[in-house]
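Working notes for the structure below.
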Amino acid sequence: MAQFAAWVESTWISKTLFGISWLWPASESLHFIGLCMLIGGAGLLDLRLMGMFRGLAIRHVKALMPWAIGGFFINAVTGALFLIMQPHLYLTSGVWWAKVAFLGIAGANALFFETRLAVPALAMHPDADTSTSMKVIGAVSLFSWFAVMYCGRMLPYLGTGN
Amino acid sequence: MSVFQRLQQSAFTDWFLGSPSIWAYPTVLTLHTVGMAILVGASFVINLRVLQVSGLIPLHRLQPLYRLVWIGFTINLVSGVILFITEAADRVVDPVFGIKMASIAVALALGLVVKRRAIDRIDAPQAASVQTRSLAAAALGMWTVAIVAGRLMAYLK
C-alpha cells in the first residue's frame, strides 16, 4: 500500500492538484459543509425510523434525501481529492480503512432499507411508531455516519496518520 | 499580562496541547465537529423546509428539531470555549475568528426569528412568507460562512 501511495503521489495529476495552494483548504471547507448536509438530512430520517420525531411523516422527511445525497456527493469528490493529493496519509492508515468500512456499512444499510423497508415506511401515518426492523436500520445508519465522521476527524491523531 | 494571555499560557493549556492522550485535544476537536454536524445539520433541515423543500411537512412540526439545535450548540459552546482558552490571546485578535463568532451569532438570531415567525404558531400557513424565506436563506448563508471561517482558522494564524 505504501508503494502504491508513493506511485500515486509521483503522478502528474497528484502533483498538480497538490500544487494548487488553495485547493486543500477549500476542499476541507466543502467537506465540512457536505457533512452537515448529509447528517442533517439522513440523520433526521434515521431518528424518525428509530421512532423519534413522531408527527413527521417518513415520506415527507425522505424528500430531504436529494440534499443529503448532494452532501455525500460533495464529500465523495473532495475526499477523492484528498486521497489523490496525499495518498500516504490514508492508504496506510488503519483508521482510514475503518472509515471506509463504516461507509460500506452505511451504504449497504441504506440499500437494504430502499429495497426491503422503504415501501411500508413511506406509507406510514405521520404519528405512527416504527417496526423493530426500521428502528434497527435507523440506528445502524446513524451510528455508521457518526463513526465515519469520528474516524475522519481523528485520523491525524490515531494510528499511522500524521 | 491580559486575561487572554494568562489563559493561553496557563497550566491547563500546557497540559491540553502537550498531552499525547487522544482524550485531550483530539477528542475535544472531534466533539466540536460532531456538535457542528448536529447544530448545522438540524438548522439546515429547518431552513430548507422554510424554503419549501419537503414542503408537505407542517411547519409547526419542526419545533422538536430545535432540541437538536440546542444539543449541538451546547456541545460546541463547551468544546469551543475549551479550544479558545488554549489559543485565547491569538484568537481574540484574529479577524477570521471574529467573522466566525459574528456569523454564528447572526445565524442563531435569524434562526430564532424564523422560529417565531413561521414555526411556533400552530395556525402557521403551509408556506412561509417571502420575507421569512429570505431570512432562512440568509441563515443558511451565515452557517456556511461560519464553517468556512472555522476551517480557515487552522491556516490563517
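Ordering of the C-alpha cells sets the chain letters (A, B, ...), residue numbers begin anew at 1 in every chain, and ligands are numbered from 1 in the order given.
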key: Residue neighbourhood Leu31 in chain B, 8 Å, only C-alpha atoms, exclusion window fewer than 2 positions, as a VMD selection string   = chain B and resid 27 to 29 33 to 35 75 to 76 79
Secondary structure check, alpha helix (DSSP H) residues of chain A, as a PyMOL selection string = chain A and resi 2-10+12-19+23-49+58-61+65-85+87-91+94-112+118-122+132-154
Would you list which chain B residues are within 10 Å of chain A using only C-alpha atoms, as an mmCIF file with N, CA and C atoms, in the first residue's frame?
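Final file, part00.cif:
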```
data_model
loop_
_atom_site.group_PDB
_atom_site.id
_atom_site.type_symbol
_atom_site.label_atom_id
_atom_site.label_comp_id
_atom_site.auth_asym_id
_atom_site.auth_seq_id
_atom_site.Cartn_x
_atom_site.Cartn_y
_atom_site.Cartn_z
ATOM 1 N N PRO B 20 -0.117 13.665 25.096
ATOM 2 C CA PRO B 20 -0.200 12.721 23.980
ATOM 3 C C PRO B 20 -1.529 11.953 23.975
ATOM 4 N N SER B 21 -2.356 12.161 25.011
ATOM 5 C CA SER B 21 -3.615 11.421 25.111
ATOM 6 C C SER B 21 -4.602 11.852 24.039
ATOM 7 N N ILE B 22 -5.274 10.867 23.404
ATOM 8 C CA ILE B 22 -6.284 11.230 22.410
ATOM 9 C C ILE B 22 -7.512 11.834 23.081
ATOM 10 N N TYR B 25 -6.751 17.121 23.342
ATOM 11 C CA TYR B 25 -7.070 17.932 22.162
ATOM 12 C C TYR B 25 -7.866 17.184 21.088
ATOM 13 N N PRO B 26 -7.443 15.972 20.660
ATOM 14 C CA PRO B 26 -8.169 15.320 19.553
ATOM 15 C C PRO B 26 -9.649 15.082 19.853
ATOM 16 N N THR B 27 -9.972 14.674 21.080
ATOM 17 C CA THR B 27 -11.372 14.378 21.398
ATOM 18 C C THR B 27 -12.215 15.645 21.463
ATOM 19 N N LEU B 29 -11.604 18.420 19.843
ATOM 20 C CA LEU B 29 -11.722 18.862 18.450
ATOM 21 C C LEU B 29 -12.793 18.049 17.717
ATOM 22 N N THR B 30 -12.798 16.737 17.945
ATOM 23 C CA THR B 30 -13.779 15.868 17.281
ATOM 24 C C THR B 30 -15.187 16.167 17.783
ATOM 25 N N LEU B 31 -15.319 16.431 19.094
ATOM 26 C CA LEU B 31 -16.637 16.806 19.630
ATOM 27 C C LEU B 31 -17.141 18.095 18.974
ATOM 28 N N HIS B 32 -16.199 19.007 18.682
ATOM 29 C CA HIS B 32 -16.579 20.262 18.036
ATOM 30 C C HIS B 32 -17.152 19.982 16.625
ATOM 31 N N THR B 33 -16.616 18.956 15.955
ATOM 32 C CA THR B 33 -17.131 18.572 14.635
ATOM 33 C C THR B 33 -18.486 17.876 14.762
ATOM 34 N N VAL B 34 -18.609 16.990 15.769
ATOM 35 C CA VAL B 34 -19.881 16.287 15.999
ATOM 36 C C VAL B 34 -20.982 17.296 16.331
ATOM 37 N N MET B 36 -21.070 20.412 15.498
ATOM 38 C CA MET B 36 -21.361 21.159 14.275
ATOM 39 C C MET B 36 -22.338 20.390 13.392
ATOM 40 N N ALA B 37 -22.089 19.083 13.251
ATOM 41 C CA ALA B 37 -22.959 18.262 12.400
ATOM 42 C C ALA B 37 -24.397 18.297 12.921
ATOM 43 N N ILE B 38 -24.560 18.216 14.258
ATOM 44 C CA ILE B 38 -25.905 18.208 14.849
ATOM 45 C C ILE B 38 -26.546 19.594 14.718
ATOM 46 N N LEU B 39 -25.797 20.630 15.116
ATOM 47 C CA LEU B 39 -26.321 22.008 15.097
ATOM 48 C C LEU B 39 -26.632 22.482 13.683
ATOM 49 N N VAL B 40 -25.637 22.419 12.804
ATOM 50 C CA VAL B 40 -25.840 22.929 11.442
ATOM 51 C C VAL B 40 -26.713 21.968 10.638
ATOM 52 N N GLY B 41 -26.590 20.657 10.902
ATOM 53 C CA GLY B 41 -27.438 19.683 10.210
ATOM 54 C C GLY B 41 -28.912 19.951 10.481
ATOM 55 N N ALA B 42 -29.276 20.141 11.759
ATOM 56 C CA ALA B 42 -30.679 20.411 12.110
ATOM 57 C C ALA B 42 -31.114 21.769 11.566
ATOM 58 N N SER B 43 -30.244 22.790 11.671
ATOM 59 C CA SER B 43 -30.585 24.120 11.151
ATOM 60 C C SER B 43 -30.783 24.078 9.639
ATOM 61 N N PHE B 44 -29.950 23.279 8.974
ATOM 62 C CA PHE B 44 -30.039 23.116 7.522
ATOM 63 C C PHE B 44 -31.426 22.566 7.144
ATOM 64 N N VAL B 45 -31.857 21.511 7.842
ATOM 65 C CA VAL B 45 -33.150 20.889 7.545
ATOM 66 C C VAL B 45 -34.296 21.877 7.802
ATOM 67 N N ILE B 46 -34.253 22.578 8.942
ATOM 68 C CA ILE B 46 -35.314 23.538 9.278
ATOM 69 C C ILE B 46 -35.411 24.621 8.203
ATOM 70 N N LEU B 48 -34.243 24.593 5.131
ATOM 71 C CA LEU B 48 -34.674 24.048 3.834
ATOM 72 C C LEU B 48 -36.194 23.940 3.783
ATOM 73 N N ARG B 49 -36.788 23.440 4.890
ATOM 74 C CA ARG B 49 -38.250 23.310 4.910
ATOM 75 C C ARG B 49 -38.928 24.679 4.788
ATOM 76 N N VAL B 53 -38.538 23.123 0.694
ATOM 77 C CA VAL B 53 -38.065 21.773 0.388
ATOM 78 C C VAL B 53 -38.783 20.829 1.355
ATOM 79 N N SER B 54 -39.264 19.676 0.864
ATOM 80 C CA SER B 54 -40.151 18.774 1.629
ATOM 81 C C SER B 54 -41.291 19.597 2.233
ATOM 82 N N GLY B 55 -41.951 20.353 1.339
ATOM 83 C CA GLY B 55 -42.974 21.317 1.737
ATOM 84 C C GLY B 55 -44.213 20.710 2.357
ATOM 85 N N LEU B 56 -44.337 19.381 2.368
ATOM 86 C CA LEU B 56 -45.530 18.764 2.946
ATOM 87 C C LEU B 56 -45.427 18.613 4.469
ATOM 88 N N ILE B 57 -44.228 18.783 5.036
ATOM 89 C CA ILE B 57 -44.095 18.752 6.497
ATOM 90 C C ILE B 57 -44.777 20.000 7.054
ATOM 91 N N PRO B 58 -45.770 19.849 7.945
ATOM 92 C CA PRO B 58 -46.370 21.053 8.546
ATOM 93 C C PRO B 58 -45.286 21.838 9.296
ATOM 94 N N HIS B 60 -45.151 23.800 11.859
ATOM 95 C CA HIS B 60 -45.047 23.771 13.326
ATOM 96 C C HIS B 60 -44.524 22.429 13.833
ATOM 97 N N ARG B 61 -44.542 21.387 12.949
ATOM 98 C CA ARG B 61 -43.986 20.091 13.343
ATOM 99 C C ARG B 61 -42.454 20.107 13.389
ATOM 100 N N LEU B 62 -41.845 21.208 12.949
ATOM 101 C CA LEU B 62 -40.380 21.311 13.015
ATOM 102 C C LEU B 62 -39.910 21.662 14.423
ATOM 103 N N GLN B 63 -40.859 22.054 15.281
ATOM 104 C CA GLN B 63 -40.474 22.540 16.612
ATOM 105 C C GLN B 63 -39.519 21.602 17.374
ATOM 106 N N PRO B 64 -39.791 20.268 17.404
ATOM 107 C CA PRO B 64 -38.878 19.398 18.164
ATOM 108 C C PRO B 64 -37.450 19.395 17.630
ATOM 109 N N LEU B 65 -37.264 19.821 16.357
ATOM 110 C CA LEU B 65 -35.912 19.850 15.798
ATOM 111 C C LEU B 65 -35.019 20.858 16.517
ATOM 112 N N LEU B 68 -32.489 19.467 18.849
ATOM 113 C CA LEU B 68 -31.199 19.096 18.251
ATOM 114 C C LEU B 68 -30.311 20.319 18.097
ATOM 115 N N TRP B 143 -24.390 30.149 8.265
ATOM 116 C CA TRP B 143 -23.774 28.892 8.723
ATOM 117 C C TRP B 143 -22.620 28.508 7.813
ATOM 118 N N THR B 144 -22.805 28.753 6.501
ATOM 119 C CA THR B 144 -21.730 28.432 5.554
ATOM 120 C C THR B 144 -20.492 29.284 5.850
ATOM 121 N N VAL B 145 -20.706 30.577 6.100
ATOM 122 C CA VAL B 145 -19.588 31.470 6.425
ATOM 123 C C VAL B 145 -18.890 30.984 7.703
ATOM 124 N N ILE B 147 -18.716 27.961 8.965
ATOM 125 C CA ILE B 147 -17.949 26.727 8.728
ATOM 126 C C ILE B 147 -16.644 27.037 8.002
ATOM 127 N N VAL B 148 -16.731 27.852 6.953
ATOM 128 C CA VAL B 148 -15.530 28.172 6.176
ATOM 129 C C VAL B 148 -14.524 28.938 7.053
ATOM 130 N N ALA B 149 -15.018 29.914 7.827
ATOM 131 C CA ALA B 149 -14.122 30.690 8.703
ATOM 132 C C ALA B 149 -13.475 29.761 9.736
ATOM 133 N N GLY B 150 -14.269 28.866 10.319
ATOM 134 C CA GLY B 150 -13.732 27.934 11.317
ATOM 135 C C GLY B 150 -12.637 27.068 10.728
ATOM 136 N N ARG B 151 -12.866 26.610 9.512
ATOM 137 C CA ARG B 151 -11.877 25.741 8.858
ATOM 138 C C ARG B 151 -10.611 26.541 8.528
ATOM 139 N N LEU B 152 -10.805 27.765 8.076
ATOM 140 C CA LEU B 152 -9.650 28.573 7.665
ATOM 141 C C LEU B 152 -8.819 29.055 8.856
ATOM 142 N N ALA B 154 -7.448 27.375 10.909
ATOM 143 C CA ALA B 154 -6.285 26.500 11.028
ATOM 144 C C ALA B 154 -5.138 26.979 10.131
ATOM 145 N N TYR B 155 -5.481 27.774 9.113
ATOM 146 C CA TYR B 155 -4.453 28.190 8.142
ATOM 147 C C TYR B 155 -3.987 29.620 8.354
#
```
key: Shell around Ser27 in chain A at 9 Å using only C-alpha atoms, local window under 2 positions removed, as a list in words   = Trp22, Leu23, Trp24, Pro25, Ser29, Leu30, His31, Phe32, Asn75, Val77, Thr78, Gly79, Leu81 and Phe82 of chain A
message = Which residues are close to Leu83 in chain A, i.e. within 12 Å by only C-alpha atoms, leaving aside same-chain residues fewer than 2 positions away? Reply as a ChimeraX atom specification.
response = /A:4-6,8-9,13-14,17-18,24,27,75-81,85-93,96
Export N, CA and C atoms of the chosen residues as an mmCIF file, in the first residue's frame?
```cif
data_model
loop_
_atom_site.group_PDB
_atom_site.id
_atom_site.type_symbol
_atom_site.label_atom_id
_atom_site.label_comp_id
_atom_site.auth_asym_id
_atom_site.auth_seq_id
_atom_site.Cartn_x
_atom_site.Cartn_y
_atom_site.Cartn_z
ATOM 1 N N PHE A 4 2.108 1.793 -3.466
ATOM 2 C CA PHE A 4 1.040 2.318 -4.330
ATOM 3 C C PHE A 4 0.807 3.802 -4.046
ATOM 4 N N ALA A 5 0.814 4.144 -2.736
ATOM 5 C CA ALA A 5 0.628 5.548 -2.343
ATOM 6 C C ALA A 5 1.750 6.405 -2.935
ATOM 7 N N ALA A 6 2.979 5.893 -2.859
ATOM 8 C CA ALA A 6 4.121 6.646 -3.398
ATOM 9 C C ALA A 6 3.985 6.823 -4.902
ATOM 10 N N VAL A 8 1.097 6.899 -6.655
ATOM 11 C CA VAL A 8 0.043 7.897 -6.914
ATOM 12 C C VAL A 8 0.618 9.300 -6.735
ATOM 13 N N GLU A 9 1.399 9.446 -5.663
ATOM 14 C CA GLU A 9 1.936 10.766 -5.343
ATOM 15 C C GLU A 9 2.948 11.251 -6.375
ATOM 16 N N ILE A 13 -1.028 14.180 -12.062
ATOM 17 C CA ILE A 13 -2.294 14.704 -11.541
ATOM 18 C C ILE A 13 -2.195 15.000 -10.047
ATOM 19 N N SER A 14 -1.544 14.106 -9.290
ATOM 20 C CA SER A 14 -1.396 14.311 -7.843
ATOM 21 C C SER A 14 -0.558 15.549 -7.553
ATOM 22 N N LEU A 17 -2.499 18.829 -8.587
ATOM 23 C CA LEU A 17 -3.568 19.203 -7.657
ATOM 24 C C LEU A 17 -2.991 19.706 -6.340
ATOM 25 N N PHE A 18 -1.980 18.974 -5.813
ATOM 26 C CA PHE A 18 -1.408 19.366 -4.519
ATOM 27 C C PHE A 18 -0.657 20.690 -4.633
ATOM 28 N N TRP A 24 -6.553 22.465 -1.127
ATOM 29 C CA TRP A 24 -6.721 21.644 0.078
ATOM 30 C C TRP A 24 -7.646 22.316 1.101
ATOM 31 N N SER A 27 -11.215 22.422 -0.186
ATOM 32 C CA SER A 27 -11.848 21.104 -0.142
ATOM 33 C C SER A 27 -12.262 20.743 1.285
ATOM 34 N N ASN A 75 -18.793 15.330 -0.564
ATOM 35 C CA ASN A 75 -17.757 14.723 0.256
ATOM 36 C C ASN A 75 -17.009 13.610 -0.462
ATOM 37 N N ALA A 76 -17.708 12.923 -1.381
ATOM 38 C CA ALA A 76 -17.023 11.896 -2.171
ATOM 39 C C ALA A 76 -15.996 12.553 -3.085
ATOM 40 N N VAL A 77 -16.362 13.675 -3.707
ATOM 41 C CA VAL A 77 -15.444 14.365 -4.623
ATOM 42 C C VAL A 77 -14.258 14.964 -3.855
ATOM 43 N N THR A 78 -14.570 15.695 -2.750
ATOM 44 C CA THR A 78 -13.465 16.320 -2.002
ATOM 45 C C THR A 78 -12.612 15.241 -1.329
ATOM 46 N N GLY A 79 -13.255 14.166 -0.871
ATOM 47 C CA GLY A 79 -12.495 13.055 -0.276
ATOM 48 C C GLY A 79 -11.551 12.428 -1.295
ATOM 49 N N ALA A 80 -12.036 12.258 -2.534
ATOM 50 C CA ALA A 80 -11.182 11.706 -3.595
ATOM 51 C C ALA A 80 -10.000 12.637 -3.869
ATOM 52 N N LEU A 81 -10.247 13.962 -3.793
ATOM 53 C CA LEU A 81 -9.154 14.921 -4.000
ATOM 54 C C LEU A 81 -8.077 14.765 -2.923
ATOM 55 N N MET A 85 -4.241 13.712 -3.655
ATOM 56 C CA MET A 85 -3.168 14.656 -3.329
ATOM 57 C C MET A 85 -2.172 14.079 -2.323
ATOM 58 N N GLN A 86 -2.674 13.388 -1.295
ATOM 59 C CA GLN A 86 -1.804 12.897 -0.224
ATOM 60 C C GLN A 86 -2.147 11.447 0.150
ATOM 61 N N PRO A 87 -2.019 10.508 -0.793
ATOM 62 C CA PRO A 87 -2.493 9.135 -0.535
ATOM 63 C C PRO A 87 -1.819 8.467 0.672
ATOM 64 N N HIS A 88 -0.565 8.848 0.974
ATOM 65 C CA HIS A 88 0.125 8.157 2.080
ATOM 66 C C HIS A 88 -0.544 8.433 3.432
ATOM 67 N N LEU A 89 -1.298 9.568 3.523
ATOM 68 C CA LEU A 89 -1.974 9.859 4.797
ATOM 69 C C LEU A 89 -3.098 8.859 5.055
ATOM 70 N N TYR A 90 -3.629 8.290 3.990
ATOM 71 C CA TYR A 90 -4.860 7.499 4.105
ATOM 72 C C TYR A 90 -4.642 6.007 3.878
ATOM 73 N N LEU A 91 -3.970 5.654 2.781
ATOM 74 C CA LEU A 91 -3.908 4.241 2.384
ATOM 75 C C LEU A 91 -3.174 3.381 3.394
ATOM 76 N N THR A 92 -2.260 3.967 4.159
ATOM 77 C CA THR A 92 -1.518 3.179 5.149
ATOM 78 C C THR A 92 -2.069 3.390 6.559
ATOM 79 N N SER A 93 -3.240 4.032 6.652
ATOM 80 C CA SER A 93 -3.834 4.307 7.971
ATOM 81 C C SER A 93 -4.993 3.354 8.246
ATOM 82 N N TRP A 96 -8.306 5.152 8.500
ATOM 83 C CA TRP A 96 -8.956 5.480 7.226
ATOM 84 C C TRP A 96 -9.697 4.269 6.672
#
```
query = In Å to one decimal, how far is CA of Ala146 in chain B from CA of Met101 in chain B?
reply = 7.4 Å
message = For Gln5 in chain B, find every residue with an atom within 9 Å (counting only C-alpha atoms), except residues of its own chain fewer than 4 positions away, and show them as a PyMOL selection string.
response = chain B and resi 1+9-10+87-90
Could the residues in this selection be written to a file with C-alpha atoms, as a compact mmCIF listing (two decimals), in the first residue's frame?
```
# COMPACT_ATOMS: atom_id res chain seq x y z
CA MET B 1 -0.45 40.32 31.10
CA GLN B 9 -0.11 30.40 28.99
CA SER B 10 -1.92 28.51 31.76
CA GLU B 87 -5.32 29.97 21.96
CA ALA B 88 -7.08 32.89 23.66
CA ALA B 89 -4.51 35.64 23.06
CA ASP B 90 -4.05 34.69 19.38
```
